[in-house]
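What follows is the content of data_32.pdb (PDB, C-alpha atoms and all ligand atoms).
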MODEL        1
ATOM      1  CA  MET A   1      11.084  47.182  19.287  1.00  0.00           C
ATOM      2  CA  PHE A   2      12.754  46.467  15.953  1.00  0.00           C
ATOM      3  CA  LYS A   3      14.457  43.367  17.314  1.00  0.00           C
ATOM      4  CA  PHE A   4      11.219  41.905  18.662  1.00  0.00           C
ATOM      5  CA  SER A   5       9.192  42.470  15.521  1.00  0.00           C
ATOM      6  CA  PHE A   6      11.916  40.886  13.377  1.00  0.00           C
ATOM      7  CA  ALA A   7      12.492  37.795  15.518  1.00  0.00           C
ATOM      8  CA  LEU A   8       8.879  36.656  15.706  1.00  0.00           C
ATOM      9  CA  PRO A   9       8.164  36.283  11.981  1.00  0.00           C
ATOM     10  CA  ALA A  10      11.548  34.565  11.455  1.00  0.00           C
ATOM     11  CA  SER A  11      10.818  31.795  13.952  1.00  0.00           C
ATOM     12  CA  ALA A  12       7.292  31.414  12.613  1.00  0.00           C
ATOM     13  CA  LEU A  13       8.687  30.976   9.131  1.00  0.00           C
ATOM     14  CA  LEU A  14      11.147  28.329  10.314  1.00  0.00           C
ATOM     15  CA  LEU A  15       8.355  26.353  11.980  1.00  0.00           C
ATOM     16  CA  ALA A  16       6.272  26.541   8.823  1.00  0.00           C
ATOM     17  CA  MET A  17       9.164  25.255   6.704  1.00  0.00           C
ATOM     18  CA  LEU A  18       9.844  22.369   9.063  1.00  0.00           C
ATOM     19  CA  GLY A  19       6.182  21.536   9.149  1.00  0.00           C
ATOM     20  CA  THR A  20       5.559  21.332   5.437  1.00  0.00           C
ATOM     21  CA  ALA A  21       8.916  20.196   4.110  1.00  0.00           C
ATOM     22  CA  TYR A  22      10.138  17.717   6.672  1.00  0.00           C
ATOM     23  CA  ALA A  23       8.122  16.646   9.686  1.00  0.00           C
ATOM     24  CA  GLU A  24       4.946  15.368   8.084  1.00  0.00           C
ATOM     25  CA  LEU A  25       6.044  13.060   5.285  1.00  0.00           C
ATOM     26  CA  PRO A  26       4.255   9.701   5.531  1.00  0.00           C
ATOM     27  CA  GLN A  27       6.677   6.842   6.218  1.00  0.00           C
ATOM     28  CA  VAL A  28       6.701   3.686   4.081  1.00  0.00           C
ATOM     29  CA  THR A  29       8.193   0.496   5.523  1.00  0.00           C
ATOM     30  CA  ASP A  30       8.114  -3.262   4.773  1.00  0.00           C
ATOM     31  CA  GLY A  31       7.486  -2.650   1.067  1.00  0.00           C
ATOM     32  CA  ARG A  32       7.340  -5.803  -1.055  1.00  0.00           C
ATOM     33  CA  ILE A  33       5.734  -7.383  -4.096  1.00  0.00           C
ATOM     34  CA  ILE A  34       5.746 -11.161  -4.187  1.00  0.00           C
ATOM     35  CA  GLN A  35       6.860 -12.342  -7.627  1.00  0.00           C
ATOM     36  CA  PRO A  36       3.784 -13.848  -9.303  1.00  0.00           C
ATOM     37  CA  PRO A  37       3.851 -17.160 -11.229  1.00  0.00           C
ATOM     38  CA  PRO A  38       5.134 -16.998 -14.840  1.00  0.00           C
ATOM     39  CA  GLY A  39       2.556 -15.490 -17.174  1.00  0.00           C
ATOM     40  CA  ALA A  40       0.439 -14.028 -14.376  1.00  0.00           C
ATOM     41  CA  LYS A  41      -1.370 -10.841 -15.310  1.00  0.00           C
ATOM     42  CA  VAL A  42      -2.068  -9.802 -11.701  1.00  0.00           C
ATOM     43  CA  ALA A  43      -0.037  -9.247  -8.540  1.00  0.00           C
ATOM     44  CA  ALA A  44      -0.415  -7.410  -5.231  1.00  0.00           C
ATOM     45  CA  ALA A  45       1.817  -4.769  -3.635  1.00  0.00           C
ATOM     46  CA  TYR A  46       2.264  -4.664   0.135  1.00  0.00           C
ATOM     47  CA  PHE A  47       3.776  -2.071   2.488  1.00  0.00           C
ATOM     48  CA  THR A  48       3.125  -0.338   5.789  1.00  0.00           C
ATOM     49  CA  LEU A  49       2.201   3.341   5.688  1.00  0.00           C
ATOM     50  CA  THR A  50       2.609   5.513   8.793  1.00  0.00           C
ATOM     51  CA  ASN A  51       0.875   8.875   9.029  1.00  0.00           C
ATOM     52  CA  THR A  52       3.320  11.104  10.922  1.00  0.00           C
ATOM     53  CA  HIS A  53       1.122  14.179  10.341  1.00  0.00           C
ATOM     54  CA  ASN A  54      -1.331  15.547  12.916  1.00  0.00           C
ATOM     55  CA  GLN A  55      -4.181  15.298  10.390  1.00  0.00           C
ATOM     56  CA  PRO A  56      -5.812  12.230   8.839  1.00  0.00           C
ATOM     57  CA  LEU A  57      -3.970  10.997   5.748  1.00  0.00           C
ATOM     58  CA  ILE A  58      -6.304  10.159   2.876  1.00  0.00           C
ATOM     59  CA  ILE A  59      -5.108   7.938   0.029  1.00  0.00           C
ATOM     60  CA  ARG A  60      -7.219   8.664  -3.025  1.00  0.00           C
ATOM     61  CA  GLY A  61      -5.552   6.579  -5.692  1.00  0.00           C
ATOM     62  CA  VAL A  62      -2.460   4.832  -6.970  1.00  0.00           C
ATOM     63  CA  SER A  63      -0.615   4.672 -10.269  1.00  0.00           C
ATOM     64  CA  SER A  64       2.492   3.157 -11.846  1.00  0.00           C
ATOM     65  CA  GLU A  65       4.231   3.900 -15.122  1.00  0.00           C
ATOM     66  CA  ASP A  66       4.969   0.192 -15.529  1.00  0.00           C
ATOM     67  CA  VAL A  67       1.543  -1.329 -14.810  1.00  0.00           C
ATOM     68  CA  PRO A  68      -1.542  -0.694 -17.002  1.00  0.00           C
ATOM     69  CA  HIS A  69      -4.107  -0.873 -14.184  1.00  0.00           C
ATOM     70  CA  THR A  70      -3.583  -0.236 -10.486  1.00  0.00           C
ATOM     71  CA  SER A  71      -6.177   0.138  -7.751  1.00  0.00           C
ATOM     72  CA  LEU A  72      -6.655   0.202  -3.992  1.00  0.00           C
ATOM     73  CA  HIS A  73      -8.239  -3.048  -2.763  1.00  0.00           C
ATOM     74  CA  LEU A  74      -9.514  -4.509   0.465  1.00  0.00           C
ATOM     75  CA  SER A  75      -9.713  -8.284   0.904  1.00  0.00           C
ATOM     76  CA  SER A  76     -12.268  -9.812   3.206  1.00  0.00           C
ATOM     77  CA  VAL A  77     -14.021 -13.127   3.836  1.00  0.00           C
ATOM     78  CA  VAL A  78     -17.826 -13.181   3.587  1.00  0.00           C
ATOM     79  CA  ASP A  79     -19.559 -16.517   4.279  1.00  0.00           C
ATOM     80  CA  ASP A  80     -16.218 -18.343   3.892  1.00  0.00           C
ATOM     81  CA  VAL A  81     -15.677 -16.819   0.452  1.00  0.00           C
ATOM     82  CA  ALA A  82     -12.625 -14.616  -0.068  1.00  0.00           C
ATOM     83  CA  ARG A  83     -13.379 -11.445  -1.984  1.00  0.00           C
ATOM     84  CA  MET A  84     -11.760  -8.130  -2.830  1.00  0.00           C
ATOM     85  CA  GLU A  85     -13.388  -4.743  -3.199  1.00  0.00           C
ATOM     86  CA  GLU A  86     -11.960  -1.618  -4.791  1.00  0.00           C
ATOM     87  CA  GLN A  87     -11.605   1.278  -2.338  1.00  0.00           C
ATOM     88  CA  LYS A  88     -12.333   4.848  -3.470  1.00  0.00           C
ATOM     89  CA  SER A  89     -10.143   6.130  -0.648  1.00  0.00           C
ATOM     90  CA  ILE A  90      -8.376   4.880   2.456  1.00  0.00           C
ATOM     91  CA  THR A  91      -7.953   7.070   5.551  1.00  0.00           C
ATOM     92  CA  ILE A  92      -5.143   6.674   8.095  1.00  0.00           C
ATOM     93  CA  ASP A  93      -5.697   8.644  11.309  1.00  0.00           C
ATOM     94  CA  ALA A  94      -3.024  10.982  12.694  1.00  0.00           C
ATOM     95  CA  GLY A  95      -0.104   9.043  14.130  1.00  0.00           C
ATOM     96  CA  GLU A  96      -1.474   5.671  12.990  1.00  0.00           C
ATOM     97  CA  SER A  97       0.046   2.994  10.748  1.00  0.00           C
ATOM     98  CA  LEU A  98      -1.818   0.860   8.253  1.00  0.00           C
ATOM     99  CA  ALA A  99      -0.412  -2.419   6.939  1.00  0.00           C
ATOM    100  CA  PHE A 100      -1.172  -3.194   3.318  1.00  0.00           C
ATOM    101  CA  THR A 101      -0.801  -6.973   3.438  1.00  0.00           C
ATOM    102  CA  HIS A 102      -2.253 -10.462   2.867  1.00  0.00           C
ATOM    103  CA  GLY A 103      -6.005 -10.575   3.427  1.00  0.00           C
ATOM    104  CA  SER A 104      -6.352  -6.840   4.014  1.00  0.00           C
ATOM    105  CA  TYR A 105      -5.665  -3.603   2.175  1.00  0.00           C
ATOM    106  CA  HIS A 106      -3.337  -3.923  -0.824  1.00  0.00           C
ATOM    107  CA  VAL A 107      -2.494  -2.281  -4.126  1.00  0.00           C
ATOM    108  CA  MET A 108      -3.741  -4.453  -6.986  1.00  0.00           C
ATOM    109  CA  LEU A 109      -1.510  -4.578 -10.059  1.00  0.00           C
ATOM    110  CA  MET A 110      -3.491  -5.682 -13.131  1.00  0.00           C
ATOM    111  CA  GLY A 111      -2.907  -6.260 -16.821  1.00  0.00           C
ATOM    112  CA  LEU A 112       0.814  -6.902 -16.359  1.00  0.00           C
ATOM    113  CA  THR A 113       2.632  -6.773 -19.682  1.00  0.00           C
ATOM    114  CA  GLU A 114       6.134  -7.418 -18.315  1.00  0.00           C
ATOM    115  CA  PRO A 115       7.010 -10.110 -15.765  1.00  0.00           C
ATOM    116  CA  LEU A 116       7.685  -8.844 -12.238  1.00  0.00           C
ATOM    117  CA  THR A 117      11.063 -10.391 -11.513  1.00  0.00           C
ATOM    118  CA  ALA A 118      12.487 -10.896  -8.038  1.00  0.00           C
ATOM    119  CA  GLY A 119      15.521  -8.693  -7.454  1.00  0.00           C
ATOM    120  CA  SER A 120      14.114  -5.702  -9.305  1.00  0.00           C
ATOM    121  CA  ASN A 121      11.886  -2.873  -8.065  1.00  0.00           C
ATOM    122  CA  LEU A 122       8.547  -1.393  -9.032  1.00  0.00           C
ATOM    123  CA  ALA A 123       7.739   2.293  -8.512  1.00  0.00           C
ATOM    124  CA  LEU A 124       4.243   3.338  -7.420  1.00  0.00           C
ATOM    125  CA  VAL A 125       2.811   6.797  -6.835  1.00  0.00           C
ATOM    126  CA  LEU A 126       0.153   7.206  -4.163  1.00  0.00           C
ATOM    127  CA  ASP A 127      -2.215  10.142  -4.597  1.00  0.00           C
ATOM    128  CA  THR A 128      -2.718  11.404  -1.038  1.00  0.00           C
ATOM    129  CA  SER A 129      -4.076  14.387   0.865  1.00  0.00           C
ATOM    130  CA  GLU A 130      -0.417  15.334   1.480  1.00  0.00           C
ATOM    131  CA  GLY A 131       0.365  15.256  -2.252  1.00  0.00           C
ATOM    132  CA  SER A 132       1.934  12.618  -4.466  1.00  0.00           C
ATOM    133  CA  LEU A 133       3.947  10.029  -2.565  1.00  0.00           C
ATOM    134  CA  SER A 134       6.445   8.019  -4.630  1.00  0.00           C
ATOM    135  CA  ILE A 135       7.325   4.610  -3.270  1.00  0.00           C
ATOM    136  CA  ASN A 136       9.745   2.035  -4.643  1.00  0.00           C
ATOM    137  CA  LEU A 137       8.918  -1.564  -3.769  1.00  0.00           C
ATOM    138  CA  PRO A 138      11.332  -4.520  -4.066  1.00  0.00           C
ATOM    139  CA  ILE A 139      10.038  -7.619  -5.862  1.00  0.00           C
ATOM    140  CA  ILE A 140      10.831 -10.708  -3.787  1.00  0.00           C
ATOM    141  CA  THR A 141      10.446 -14.459  -4.173  1.00  0.00           C
ATOM    142  CA  PRO A 142       7.677 -16.347  -2.317  1.00  0.00           C
ATOM    143  CA  ASP A 143      10.390 -17.921  -0.136  1.00  0.00           C
ATOM    144  CA  GLU A 144      11.695 -14.497   0.846  1.00  0.00           C
ATOM    145  CA  ALA A 145       8.118 -13.437   1.650  1.00  0.00           C
ATOM    146  CA  ASP A 146       7.697 -16.450   3.970  1.00  0.00           C
ATOM    147  CA  THR A 147      10.922 -15.467   5.749  1.00  0.00           C
ATOM    148  CA  MET A 148       9.637 -11.897   6.168  1.00  0.00           C
ATOM    149  CA  ASP A 149       6.342 -13.239   7.540  1.00  0.00           C
ATOM    150  CA  ALA A 150       8.124 -15.409  10.061  1.00  0.00           C
ATOM    151  CA  GLN A 151      10.207 -12.458  11.215  1.00  0.00           C
ATOM    152  CA  SER A 152       7.432  -9.898  11.381  1.00  0.00           C
ATOM    153  CA  ALA A 153       5.470  -9.238  14.540  1.00  0.00           C
ATOM    154  CA  ASP A 154       2.168 -10.155  12.897  1.00  0.00           C
ATOM    155  CA  SER A 155       3.329 -13.509  11.561  1.00  0.00           C
ATOM    156  CA  MET A 156       0.613 -15.208  13.641  1.00  0.00           C
ATOM    157  CA  THR A 157      -2.054 -13.273  11.760  1.00  0.00           C
ATOM    158  CA  HIS A 158      -0.591 -14.199   8.396  1.00  0.00           C
ATOM    159  CA  HIS A 159      -0.468 -17.888   9.204  1.00  0.00           C
ATOM    160  CA  ASN A 160      -4.001 -17.907  10.571  1.00  0.00           C
ATOM    161  CA  MET A 161      -5.214 -16.256   7.387  1.00  0.00           C
ATOM    162  CA  LYS A 162      -3.492 -18.872   5.247  1.00  0.00           C
ATOM    163  CA  GLN A 163      -5.149 -21.681   7.199  1.00  0.00           C
ATOM    164  CA  GLU A 164      -8.522 -20.094   6.634  1.00  0.00           C
ATOM    165  CA  GLY A 165      -7.898 -19.880   2.909  1.00  0.00           C
ATOM    166  CA  MET A 166      -7.809 -16.093   3.065  1.00  0.00           C
ATOM    167  CA  SER A 167      -4.306 -15.598   1.758  1.00  0.00           C
ATOM    168  CA  HIS A 168      -4.090 -13.327  -1.227  1.00  0.00           C
ATOM    169  CA  ASP A 169      -1.678 -15.702  -2.914  1.00  0.00           C
ATOM    170  CA  GLY A 170      -4.138 -18.560  -2.545  1.00  0.00           C
ATOM    171  CA  MET A 171      -6.714 -16.766  -4.655  1.00  0.00           C
ATOM    172  CA  ASP A 172      -6.608 -17.350  -8.368  1.00  0.00           C
ATOM    173  CA  HIS A 173      -6.286 -13.851  -9.729  1.00  0.00           C
ATOM    174  CA  ASP A 174      -6.311 -15.085 -13.298  1.00  0.00           C
ATOM    175  CA  ASP A 175      -9.671 -16.774 -13.005  1.00  0.00           C
ATOM    176  CA  GLU A 176     -12.098 -14.950 -15.313  1.00  0.00           C
ATOM    177  CA  ASP A 177     -15.148 -15.537 -13.111  1.00  0.00           C
ATOM    178  CA  ALA A 178     -13.325 -14.302 -10.041  1.00  0.00           C
ATOM    179  CA  ARG A 179     -12.262 -11.191 -11.909  1.00  0.00           C
ATOM    180  CA  LYS A 180     -15.831 -10.428 -12.933  1.00  0.00           C
ATOM    181  CA  LYS A 181     -17.030 -10.837  -9.373  1.00  0.00           C
ATOM    182  CA  MET A 182     -14.360  -8.402  -8.225  1.00  0.00           C
ATOM    183  CA  ASP A 183     -15.467  -5.790 -10.746  1.00  0.00           C
ATOM    184  CA  HIS A 184     -11.995  -5.487 -12.209  1.00  0.00           C
ATOM    185  CA  GLN A 185     -11.887  -3.504 -15.404  1.00  0.00           C
TER     186      GLN A 185
HETATM  187 CU    CU A 201      -6.884  -7.294  -4.955  1.00  0.00          CU
ENDMDL
END
Go through the file and emit its structure as structure tokens.
Amino acid sequence: MFKFSFALPASALLLAMLGTAYAELPQVTDGRIIQPPPGAKVAAAYFTLTNTHNQPLIIRGVSSEDVPHTSLHLSSVVDDVARMEEQKSITIDAGESLAFTHGSYHVMLMGLTEPLTAGSNLALVLDTSEGSLSINLPIITPDEADTMDAQSADSMTHHNMKQEGMSHDGMDHDDEDARKKMDHQ
């Protein structure tokens, strides 16, 4: 009687600890920021986020100590015009992965005061339904990014997007008119 009543809560506690502290952390892979041209005030951060939890993962915001303005963006093409819209939140279903990449979801880095230099890293914090998620993204050269594209499984998609003029890097982020259209503040 004593033995039974003791053993049950102990195993339940162990499961709870595994569940909250270990098993459900979202996984970040393929993190990269392509070094922008000298003097650029804007860049984009890319990574793949996998929701290993059995509940939807909701990303509600993003911040960085080193970048004045950061936001969640989604690129799209409407009537052959590339545009970006700020996202209030992004939901990743249980067990699913979402690629933040060229022509799709990305973290917009705006008002850069220091150059983003290849070889260094930038830390971001994602505000999610699972709590704050710190991620550290390497800054790479455009050549290194092309090599990653060629090696990645979705390289076809990237190259098709570039041909259609949808590539993020092809857009002039410094253009004042474009910034107004995108509602950047
Ligand atoms: Cu953007």
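Across the structure, CA of Ala94 (chain A) and CA of Arg60 (chain A) are spaced 16.4 Å apart.
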Nearby residues, ligand CU 201 (chain A), 6 Å, all atoms listed in the file, as an MDAnalysis selection string: chainID A and resid 73 84 108
Listed atoms of region 88-95 of chain A boxed along x, y and z, 3 Å each side, centre and edge lengths in Å, one decimal, as lines of an AutoDock Vina configuration file:
center_x = -6.2
center_y = 7.9
center_z = 5.3
size_x = 18.2
size_y = 12.1
size_z = 23.6
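For Ile140 (chain A), the residues within 6 Å (counting all atoms listed in the file, excluding itself and residues fewer than 5 positions away along the chain) are Ile34, Gln35 and Ala118 of chain A.
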For CA of Ala82 (chain A) and CA of Gly103 (chain A), the interatomic separation in Å (one decimal):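 CA of Gly103 (chain A) lies 8.5 Å from CA of Ala82 (chain A).
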Atom-to-atom span, CA of Asp149 (chain A) and CA of Thr29 (chain A), Å: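 So the answer is 14.0 Å.
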Explicit residue set for the PyMOL selection byres (((chain A and resi 41) around 7) and not hetatm), as a PyMOL selection string: chain A and resi 39-40+42+110-112+174
Distance criterion (all atoms listed in the file): nearest to Val125 (chain A) out of A:Ala45, A:Ile90, A:Val62, A:Leu109: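 Ranked by minimum distance to Val125 (chain A), first place goes to A:Val62.
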Spatial neighbours of Ala123 (chain A), 8 Å, only C-alpha atoms, chain gap at least 3 places, as a PyMOL selection string: chain A and resi 64-66+134-137
Residue neighbourhood Thr50 (chain A), 10 Å, only C-alpha atoms, exclusion window fewer than 5 positions, as a ChimeraX atom specification: /A:25-29,57,92-99
Keeping only C-alpha atoms, write the selected residues to a file as a compact mmCIF listing (two decimals), in the frame of the given file.
# COMPACT_ATOMS: atom_id res chain seq x y z
CA LEU A 25 6.04 13.06 5.28
CA PRO A 26 4.26 9.70 5.53
CA GLN A 27 6.68 6.84 6.22
CA VAL A 28 6.70 3.69 4.08
CA THR A 29 8.19 0.50 5.52
CA LEU A 57 -3.97 11.00 5.75
CA ILE A 92 -5.14 6.67 8.10
CA ASP A 93 -5.70 8.64 11.31
CA ALA A 94 -3.02 10.98 12.69
CA GLY A 95 -0.10 9.04 14.13
CA GLU A 96 -1.47 5.67 12.99
CA SER A 97 0.05 2.99 10.75
CA LEU A 98 -1.82 0.86 8.25
CA ALA A 99 -0.41 -2.42 6.94
Residue with smallest distance to Thr128 (chain A) - pool A:Thr70, A:Ser89, A:Ser75, A:Thr52, counting only C-alpha atoms: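 Answer, going by the shortest atom-to-atom distance: A:Ser89.
Residue nearest Val107 (chain A) within the list A:Thr91, A:Ser132, A:Ser76, A:Ser63: A:Ser63 [criterion: smallest interatomic distance, only C-alpha atoms].
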